[in-house]
>>> print(open('input31.txt').read())   # compact mmCIF, C-alpha atoms and all ligand atoms
# COMPACT_ATOMS: atom_id res chain seq x y z
CA MET A 1 171.76 76.13 -102.43
CA PHE A 2 175.57 75.99 -102.73
CA PHE A 3 177.44 73.91 -100.14
CA LEU A 4 181.08 74.70 -99.44
CA ALA A 5 182.84 71.61 -98.03
CA ILE A 6 186.19 71.42 -96.25
CA GLU A 7 188.43 68.41 -95.53
CA THR A 8 191.58 68.57 -93.36
CA SER A 9 191.39 65.35 -91.33
CA CYS A 10 194.82 63.97 -92.28
CA ASP A 11 197.30 64.96 -94.99
CA GLU A 12 195.05 66.25 -97.78
CA THR A 13 193.85 69.85 -97.75
CA ALA A 14 190.65 69.91 -99.79
CA ALA A 15 187.60 72.00 -100.59
CA ALA A 16 184.57 71.41 -102.82
CA VAL A 17 181.46 73.24 -103.95
CA PHE A 18 178.31 71.21 -104.27
CA THR A 19 174.76 71.98 -105.31
CA GLU A 20 171.30 70.53 -104.77
CA GLU A 21 170.91 67.55 -107.12
CA PRO A 22 173.44 66.45 -105.52
CA ARG A 23 176.14 67.56 -108.00
CA ILE A 24 179.77 68.67 -107.61
CA LEU A 25 180.69 72.01 -109.22
CA ALA A 26 184.35 72.01 -108.14
CA SER A 27 186.64 69.84 -106.04
CA VAL A 28 190.26 70.75 -105.28
CA VAL A 29 192.69 68.51 -103.37
CA ALA A 30 196.23 69.51 -102.33
CA SER A 31 198.17 66.48 -101.17
CA GLN A 32 200.91 66.85 -98.55
CA THR A 33 202.66 63.60 -99.55
CA ASP A 34 205.83 65.49 -100.53
CA LEU A 35 206.04 67.06 -97.04
CA HIS A 36 205.72 63.75 -95.17
CA ALA A 37 207.64 61.43 -97.52
CA ARG A 38 211.03 61.99 -95.89
CA PHE A 39 209.58 61.02 -92.49
CA GLY A 40 208.04 57.82 -93.89
CA GLY A 41 204.60 58.72 -92.50
CA VAL A 42 202.28 61.62 -91.66
CA VAL A 43 203.71 63.99 -89.00
CA PRO A 44 200.64 65.49 -87.26
CA GLU A 45 202.24 68.88 -86.49
CA VAL A 46 203.55 69.28 -90.05
CA ALA A 47 200.10 68.36 -91.41
CA ALA A 48 198.30 70.94 -89.23
CA ARG A 49 200.71 73.74 -90.23
CA ALA A 50 200.38 72.92 -93.92
CA HIS A 51 196.56 72.96 -93.66
CA LEU A 52 196.78 76.38 -92.04
CA GLN A 53 198.90 77.74 -94.89
CA ARG A 54 196.94 76.12 -97.71
CA LEU A 55 193.27 76.02 -96.76
CA LEU A 56 192.17 79.60 -97.53
CA PRO A 57 193.90 79.73 -100.96
CA ILE A 58 192.34 76.34 -101.77
CA ILE A 59 188.87 77.58 -100.82
CA ASP A 60 189.40 80.63 -103.08
CA GLU A 61 190.48 78.40 -105.95
CA THR A 62 187.50 76.07 -105.46
CA LEU A 63 185.02 78.98 -105.51
CA ARG A 64 186.73 80.30 -108.64
CA GLN A 65 186.46 76.93 -110.40
CA ALA A 66 182.80 76.61 -109.34
CA GLY A 67 182.10 80.10 -110.70
CA ILE A 68 180.49 81.37 -107.49
CA ARG A 69 181.28 84.08 -104.92
CA LEU A 70 181.74 83.37 -101.21
CA GLU A 71 178.51 85.28 -100.40
CA GLN A 72 176.55 82.75 -102.48
CA VAL A 73 177.50 79.86 -100.16
CA GLY A 74 174.38 78.65 -98.30
CA CYS A 75 175.92 76.00 -96.03
CA VAL A 76 179.41 75.03 -94.85
CA ALA A 77 180.18 71.30 -94.38
CA VAL A 78 183.27 69.94 -92.64
CA HIS A 79 184.72 66.66 -91.32
CA ASN A 80 185.05 66.92 -87.55
CA THR A 81 185.77 63.25 -86.70
CA PRO A 82 187.89 61.09 -86.79
CA GLY A 83 191.36 62.37 -87.69
CA LEU A 84 194.47 64.10 -86.37
CA VAL A 85 193.26 66.62 -83.85
CA GLY A 86 195.50 69.53 -84.95
CA ALA A 87 194.62 68.92 -88.61
CA LEU A 88 190.87 68.64 -87.89
CA LEU A 89 190.96 71.83 -85.82
CA VAL A 90 192.11 73.88 -88.81
CA GLY A 91 189.16 72.75 -90.93
CA VAL A 92 186.59 72.94 -88.14
CA SER A 93 187.66 76.45 -87.03
CA THR A 94 187.67 77.70 -90.61
CA ALA A 95 184.24 76.19 -91.29
CA LYS A 96 182.78 77.73 -88.12
CA MET A 97 184.30 81.12 -88.92
CA LEU A 98 182.81 81.06 -92.45
CA ALA A 99 179.38 79.85 -91.26
CA LEU A 100 179.28 82.60 -88.62
CA ALA A 101 180.51 85.35 -90.96
CA LEU A 102 178.09 84.35 -93.74
CA GLY A 103 175.18 83.65 -91.38
CA VAL A 104 174.62 80.16 -92.88
CA PRO A 105 174.29 76.68 -91.29
CA LEU A 106 177.30 74.56 -90.38
CA VAL A 107 177.11 70.80 -90.84
CA ALA A 108 179.79 68.55 -89.36
CA VAL A 109 180.14 65.02 -90.73
CA ASN A 110 181.94 61.79 -89.92
CA HIS A 111 184.94 61.18 -92.19
CA VAL A 112 184.50 57.40 -92.39
CA GLU A 113 180.81 57.66 -93.28
CA ALA A 114 181.65 60.33 -95.84
CA HIS A 115 183.84 57.83 -97.72
CA VAL A 116 180.63 55.83 -98.42
CA TYR A 117 178.93 58.97 -99.80
CA ALA A 118 181.80 59.23 -102.30
CA CYS A 119 180.38 56.02 -103.83
CA ARG A 120 176.87 57.51 -103.97
CA LEU A 121 178.26 60.61 -105.65
CA ALA A 122 180.36 58.67 -108.15
CA ALA A 123 177.47 56.31 -108.98
CA GLY A 124 175.10 59.24 -109.63
CA ARG A 125 172.19 57.04 -108.46
CA ASP A 126 170.88 55.30 -105.40
CA ILE A 127 173.34 52.74 -104.01
CA PHE A 128 171.31 51.59 -100.98
CA PRO A 129 170.80 49.12 -99.33
CA CYS A 130 174.47 48.22 -99.53
CA VAL A 131 177.42 47.07 -97.50
CA GLY A 132 180.08 49.78 -97.24
CA LEU A 133 183.70 48.68 -96.92
CA VAL A 134 185.84 51.69 -95.94
CA VAL A 135 189.56 50.89 -96.01
CA SER A 136 192.19 53.56 -95.54
CA GLY A 137 195.32 54.51 -93.64
CA GLY A 138 193.43 55.27 -90.44
CA HIS A 139 190.39 52.99 -90.56
CA THR A 140 189.02 49.67 -91.79
CA THR A 141 185.27 49.52 -91.22
CA LEU A 142 182.40 47.49 -92.58
CA PHE A 143 178.99 49.22 -92.57
CA ARG A 144 175.46 48.06 -93.20
CA CYS A 145 173.96 51.05 -95.07
CA THR A 146 170.18 50.62 -95.08
CA ASP A 147 169.61 53.98 -96.76
CA ALA A 148 171.44 57.30 -97.13
CA LEU A 149 170.84 58.18 -93.48
CA HIS A 150 171.09 54.90 -91.61
CA PHE A 151 174.52 53.36 -91.27
CA GLU A 152 175.26 50.59 -88.79
CA ARG A 153 178.86 49.67 -88.09
CA LEU A 154 179.22 45.89 -88.42
CA GLY A 155 182.92 45.67 -87.62
CA SER A 156 186.25 47.49 -87.58
CA THR A 157 189.92 46.67 -87.27
CA ARG A 158 191.05 45.68 -83.80
CA ASP A 159 194.61 46.89 -84.42
CA ASP A 160 196.22 48.23 -87.62
CA ALA A 161 194.09 49.69 -90.40
CA ALA A 162 194.61 47.97 -93.77
CA GLY A 163 196.40 51.01 -95.23
CA GLU A 164 198.62 51.24 -92.16
CA ALA A 165 199.66 47.60 -92.75
CA PHE A 166 200.41 48.42 -96.42
CA ASP A 167 202.50 51.44 -95.36
CA LYS A 168 204.44 49.56 -92.65
CA VAL A 169 205.18 46.50 -94.81
CA ALA A 170 206.28 48.79 -97.66
CA ARG A 171 208.63 50.64 -95.34
CA PHE A 172 210.12 47.35 -94.20
CA LEU A 173 210.65 46.32 -97.83
CA GLY A 174 212.41 49.63 -98.51
CA LEU A 175 209.64 50.98 -100.76
CA PRO A 176 208.79 54.70 -100.95
CA TYR A 177 205.99 56.41 -98.98
CA PRO A 178 203.01 56.11 -99.30
CA GLY A 179 203.45 52.35 -99.27
CA GLY A 180 200.06 51.27 -100.62
CA PRO A 181 200.58 52.39 -104.23
CA ALA A 182 204.20 51.11 -104.15
CA ILE A 183 203.10 47.61 -103.04
CA ASP A 184 200.27 47.68 -105.59
CA ARG A 185 202.78 48.33 -108.40
CA LEU A 186 205.39 45.83 -107.18
CA ALA A 187 202.76 43.10 -106.60
CA MET A 188 201.96 43.13 -110.33
CA GLU A 189 205.40 41.57 -110.95
CA GLY A 190 205.07 38.92 -108.22
CA ASP A 191 203.25 35.65 -107.54
CA ARG A 192 200.35 36.17 -105.14
CA ASN A 193 200.39 32.47 -104.19
CA ALA A 194 204.14 32.35 -103.51
CA ILE A 195 203.84 32.68 -99.71
CA ALA A 196 200.86 31.59 -97.59
CA PHE A 197 200.53 34.53 -95.18
CA PRO A 198 197.84 34.24 -92.45
CA ARG A 199 194.25 35.52 -92.87
CA ALA A 200 193.19 36.53 -89.35
CA MET A 201 189.58 35.91 -88.26
CA LEU A 202 188.59 35.04 -91.85
CA ASP A 203 185.38 33.22 -90.94
CA GLU A 204 184.75 34.92 -87.63
CA GLY A 205 182.54 38.01 -87.26
CA TYR A 206 183.10 41.32 -89.04
CA ASP A 207 186.11 42.68 -87.17
CA PHE A 208 189.54 42.73 -88.80
CA SER A 209 193.12 42.31 -87.58
CA PHE A 210 196.19 43.10 -89.71
CA SER A 211 198.89 43.37 -87.09
CA GLY A 212 199.68 39.61 -87.07
CA LEU A 213 199.93 39.59 -90.86
CA LYS A 214 202.38 42.49 -90.76
CA THR A 215 204.56 40.67 -88.17
CA SER A 216 204.36 37.49 -90.21
CA VAL A 217 205.70 39.32 -93.31
CA LEU A 218 208.57 40.77 -91.25
CA THR A 219 209.44 37.36 -89.75
CA TYR A 220 209.28 35.66 -93.16
CA VAL A 221 211.59 38.17 -94.82
CA ARG A 222 214.11 37.96 -91.96
CA LYS A 223 214.14 34.15 -92.24
CA HIS A 224 214.25 34.16 -96.05
CA PRO A 225 216.49 37.06 -97.06
CA ASP A 226 216.52 35.77 -100.64
CA ALA A 227 212.74 35.93 -101.05
CA GLY A 228 211.88 38.29 -103.89
CA ASN A 229 210.22 41.55 -102.80
CA ALA A 230 207.65 41.24 -105.60
CA ASP A 231 206.47 37.82 -104.35
CA VAL A 232 206.34 39.09 -100.76
CA ALA A 233 204.35 42.18 -101.82
CA ALA A 234 201.94 40.15 -103.97
CA SER A 235 201.37 37.50 -101.26
CA PHE A 236 200.87 40.12 -98.54
CA GLN A 237 198.43 42.07 -100.71
CA GLU A 238 196.56 38.85 -101.53
CA ALA A 239 196.11 38.08 -97.81
CA VAL A 240 194.68 41.57 -97.13
CA VAL A 241 192.38 41.47 -100.16
CA ASP A 242 191.19 37.95 -99.30
CA VAL A 243 190.08 38.96 -95.81
CA LEU A 244 188.43 42.23 -96.93
CA VAL A 245 186.49 40.65 -99.80
CA THR A 246 185.47 37.49 -97.88
CA LYS A 247 183.99 39.56 -95.04
CA ALA A 248 182.26 42.08 -97.30
CA ARG A 249 180.65 39.26 -99.32
CA ARG A 250 179.48 37.46 -96.20
CA ALA A 251 178.11 40.70 -94.76
CA ALA A 252 176.19 41.45 -97.97
CA ARG A 253 174.64 37.98 -97.89
CA GLU A 254 173.79 38.06 -94.19
CA VAL A 255 172.24 41.56 -94.08
CA GLY A 256 170.44 41.25 -97.42
CA ALA A 257 172.31 44.09 -99.16
CA THR A 258 171.92 44.53 -102.92
CA GLY A 259 175.35 46.07 -103.47
CA VAL A 260 178.88 46.49 -102.16
CA CYS A 261 180.44 49.91 -101.94
CA LEU A 262 184.23 50.14 -101.75
CA ALA A 263 185.76 53.35 -100.36
CA GLY A 264 188.83 54.88 -98.67
CA GLY A 265 192.43 55.18 -99.86
CA VAL A 266 193.07 51.41 -100.05
CA ALA A 267 190.08 51.15 -102.41
CA ALA A 268 192.52 52.50 -105.01
CA ASN A 269 194.28 49.11 -104.86
CA SER A 270 194.10 47.32 -108.23
CA ALA A 271 193.76 43.78 -106.83
CA LEU A 272 191.07 44.81 -104.34
CA ARG A 273 189.03 46.63 -106.99
CA GLU A 274 189.22 43.63 -109.32
CA ARG A 275 188.26 41.14 -106.61
CA VAL A 276 185.29 43.22 -105.43
CA LEU A 277 184.01 43.46 -109.01
CA ASP A 278 184.44 39.69 -109.55
CA ALA A 279 182.75 38.87 -106.23
CA CYS A 280 179.79 41.12 -107.02
CA ILE A 281 179.32 39.52 -110.44
CA ALA A 282 179.47 36.05 -108.87
CA ASP A 283 176.99 36.94 -106.10
CA GLY A 284 174.56 39.04 -108.16
CA LEU A 285 175.40 42.23 -106.25
CA ARG A 286 175.80 45.79 -107.62
CA PRO A 287 179.44 46.93 -107.33
CA PHE A 288 180.14 50.58 -106.42
CA VAL A 289 183.83 51.20 -106.94
CA PRO A 290 184.54 54.91 -107.51
CA SER A 291 187.50 56.42 -109.35
CA ARG A 292 190.82 56.44 -107.47
CA GLU A 293 190.50 60.22 -106.90
CA MET A 294 187.14 59.72 -105.18
CA CYS A 295 188.54 56.85 -103.05
CA THR A 296 191.26 58.93 -101.40
CA ASP A 297 190.45 61.86 -99.10
CA ASN A 298 188.56 64.71 -100.80
CA ALA A 299 185.98 67.34 -99.91
CA ALA A 300 183.38 66.27 -102.49
CA MET A 301 182.44 63.37 -100.21
CA VAL A 302 182.15 65.78 -97.25
CA ALA A 303 179.70 67.87 -99.25
CA ALA A 304 177.62 64.83 -100.21
CA ALA A 305 177.51 63.59 -96.60
CA GLY A 306 176.66 67.11 -95.39
CA TRP A 307 173.82 67.42 -97.88
CA TYR A 308 172.09 64.33 -96.42
CA ARG A 309 172.99 65.07 -92.79
CA LEU A 310 171.64 68.63 -92.93
CA ARG A 311 168.27 67.34 -94.06
CA HIS A 312 168.15 64.59 -91.46
CA ASP A 313 169.85 66.07 -88.37
CA GLY A 314 169.65 69.82 -89.07
CA PRO A 315 172.60 72.20 -88.59
CA THR A 316 175.46 71.41 -86.22
CA PRO A 317 175.82 73.89 -83.32
CA LEU A 318 178.83 76.21 -83.57
CA SER A 319 179.97 74.77 -80.23
CA ALA A 320 180.89 71.48 -81.99
CA GLY A 321 184.55 70.57 -81.68
CA ALA A 322 187.15 68.49 -83.52
CA ILE A 323 186.94 64.91 -82.22
CA PRO A 324 189.98 62.77 -83.05
CA GLY A 325 188.37 59.43 -81.98
CA LEU A 326 185.64 57.69 -83.97
CA ARG A 327 182.07 58.88 -83.39
CA PHE A 328 179.11 57.31 -85.14
CA PRO A 329 175.59 58.64 -84.55
CA GLY A 330 173.55 56.04 -82.73
CA ILE A 331 176.49 53.66 -82.13
O1 LIG A 401 191.64 57.52 -97.29
P1 LIG A 401 193.09 57.95 -97.35
O2 LIG A 401 193.49 58.87 -98.48
O3 LIG A 401 193.52 58.65 -96.01
C1 LIG A 401 193.09 58.21 -94.74
O4 LIG A 401 191.97 58.62 -94.32
O5 LIG A 401 193.84 57.40 -94.16
O6 LIG A 401 193.98 56.60 -97.36
C2 LIG A 401 195.40 56.61 -97.38
C3 LIG A 401 195.88 55.15 -97.34
C4 LIG A 401 197.39 55.01 -97.17
O7 LIG A 401 197.65 54.04 -96.17
C5 LIG A 401 197.85 54.50 -98.54
O8 LIG A 401 199.01 53.70 -98.51
C6 LIG A 401 196.65 53.69 -98.98
O9 LIG A 401 195.52 54.47 -98.56
N1 LIG A 401 196.61 53.49 -100.43
C7 LIG A 401 196.70 52.27 -101.02
C8 LIG A 401 196.71 52.50 -102.42
N2 LIG A 401 196.60 53.86 -102.63
C9 LIG A 401 196.53 54.46 -101.40
N3 LIG A 401 196.79 51.05 -100.50
C10 LIG A 401 196.87 50.00 -101.34
N4 LIG A 401 196.91 50.14 -102.69
C11 LIG A 401 196.82 51.36 -103.27
N5 LIG A 401 196.84 51.49 -104.61
ZN ZN A 402 189.94 58.87 -95.38
>>> encode(input="input31.txt", output="structure tokens")
Amino acid sequence: MFFLAIETSCDETAAAVFTEEPRILASVVASQTDLHARFGGVVPEVAARAHLQRLLPIIDETLRQAGIRLEQVGCVAVHNTPGLVGALLVGVSTAKMLALALGVPLVAVNHVEAHVYACRLAAGRDIFPCVGLVVSGGHTTLFRCTDALHFERLGSTRDDAAGEAFDKVARFLGLPYPGGPAIDRLAMEGDRNAIAFPRAMLDEGYDFSFSGLKTSVLTYVRKHPDAGNADVAASFQEAVVDVLVTKARRAAREVGATGVCLAGGVAANSALRERVLDACIADGLRPFVPSREMCTDNAAMVAAAGWYRLRHDGPTPLSAGAIPGLRFPGI
């Protein structure tokens, strides 16, 4: 069976075609970064309009690359939560329309969970039981993933997502949008131990907090106008990475996971990738760190999540809506 998957939760318009093994036949991603750069962040209305203009041509291109016709699609998968409501609506309405017109099942999946399936897809083998660390612009969540169908949320951010902190600190330092890659590059020229920024709730539970760290960077730079941007970027990044890796390691030990899976846009960060790999080697865990393209938003991960969810939960009713807030089955 061919799955057609659609992703429009934020600022990437994406489609993918997926088949049984599970295997990706085509995955196309059109980033809207150029549209949002001058605003310094994603503008929800601009994102929704761009999805509307781009989604159908992207689906056509994906089918062409996969070498199949629309009538051969046997299931349509889509992210319906969480995300920007206007952006999600474009994908959800298109997916419902296609499922209805083709007479095939619809399967709606959770975007944050789908990031973990990107690791499964990239690994090409079983990754469970693992701890899933999903870090992006909109979410920072630690999961206990017992198997492909049972995810338990251990903790989330109480304020800013890690990527949001990267973007805001970058903006304050005068770096271009998106801030994460810009800080990543600048940090390579700085000293990560130059400034001791705080690590909130380091040894306490599985929740995260990055808002205090962000304020602390702002206060430090105002008090020390001569501090080099590279040292500030490297020290800030080190504080974020320290907290993420410490908690993921502790979670893996405490829940008896055999691996750590790193996903979401911030998983493209060089220091984070390196530290997760080092930690896994030290703790005898299997590291699952997909390519940077699979870390950021894409529809291949929607297809993979949909493939498992269809088998476990069955099709999603066509009455399903776009839900901007987080929804986890059973949580
Ligand atoms: O998963 P994603 O593509 O979209 C959301 O669902 O949010 O993640 C985007 C986030 C942005 O905040 C961006 O700055 C961050 O991921 N990001 C990075 C890097 N590349 C992207 N953060 C740190 N280092 C990077 N190399
Ligand atoms: Zn995402």
>>> closest_residue(input="input31.txt", among="A:Leu52, A:Leu4, A:Val107, A:Leu149", to="Gly74 (chain A)", atoms="only C-alpha atoms")
A:Leu4
>>> residues_near_ligand(input="input31.txt", ligand="ligand ZN 402 (chain A)", cutoff="9 Å", atoms="only C-alpha atoms and all ligand atoms", output="count of residues only")
20
>>> atom_distance(input="input31.txt", atom1="atom C6 of ligand LIG 401 (chain A)", atom2="CA of Gly180 (chain A)")
4.5 Å
>>> closest_residue(input="input31.txt", among="A:His312, A:His51, A:Lys223, A:Arg171", to="Ala37 (chain A)", atoms="all atoms listed in the file")
A:Arg171
>>> atom_distance(input="input31.txt", atom1="CA of Arg120 (chain A)", atom2="CA of Met1 (chain A)")
19.4 Å
>>> closest_residue(input="input31.txt", among="A:His150, A:Asp207, A:Ala300, A:Asp34", to="Phe18 (chain A)", atoms="all atoms listed in the file")
A:Ala300
>>> residues_near_point(input="input31.txt", point="(169.6, 55.2, -90.8)", cutoff="12 Å", atoms="all atoms listed in the file", output="compact mmCIF listing (two decimals) with C-alpha atoms, in the coordinates of the input")
# COMPACT_ATOMS: atom_id res chain seq x y z
CA GLU A 113 180.81 57.66 -93.28
CA PHE A 128 171.31 51.59 -100.98
CA PRO A 129 170.80 49.12 -99.33
CA PHE A 143 178.99 49.22 -92.57
CA ARG A 144 175.46 48.06 -93.20
CA CYS A 145 173.96 51.05 -95.07
CA THR A 146 170.18 50.62 -95.08
CA ASP A 147 169.61 53.98 -96.76
CA ALA A 148 171.44 57.30 -97.13
CA LEU A 149 170.84 58.18 -93.48
CA HIS A 150 171.09 54.90 -91.61
CA PHE A 151 174.52 53.36 -91.27
CA GLU A 152 175.26 50.59 -88.79
CA ARG A 153 178.86 49.67 -88.09
CA TYR A 308 172.09 64.33 -96.42
CA ARG A 309 172.99 65.07 -92.79
CA HIS A 312 168.15 64.59 -91.46
CA ASP A 313 169.85 66.07 -88.37
CA PHE A 328 179.11 57.31 -85.14
CA PRO A 329 175.59 58.64 -84.55
CA GLY A 330 173.55 56.04 -82.73
CA ILE A 331 176.49 53.66 -82.13
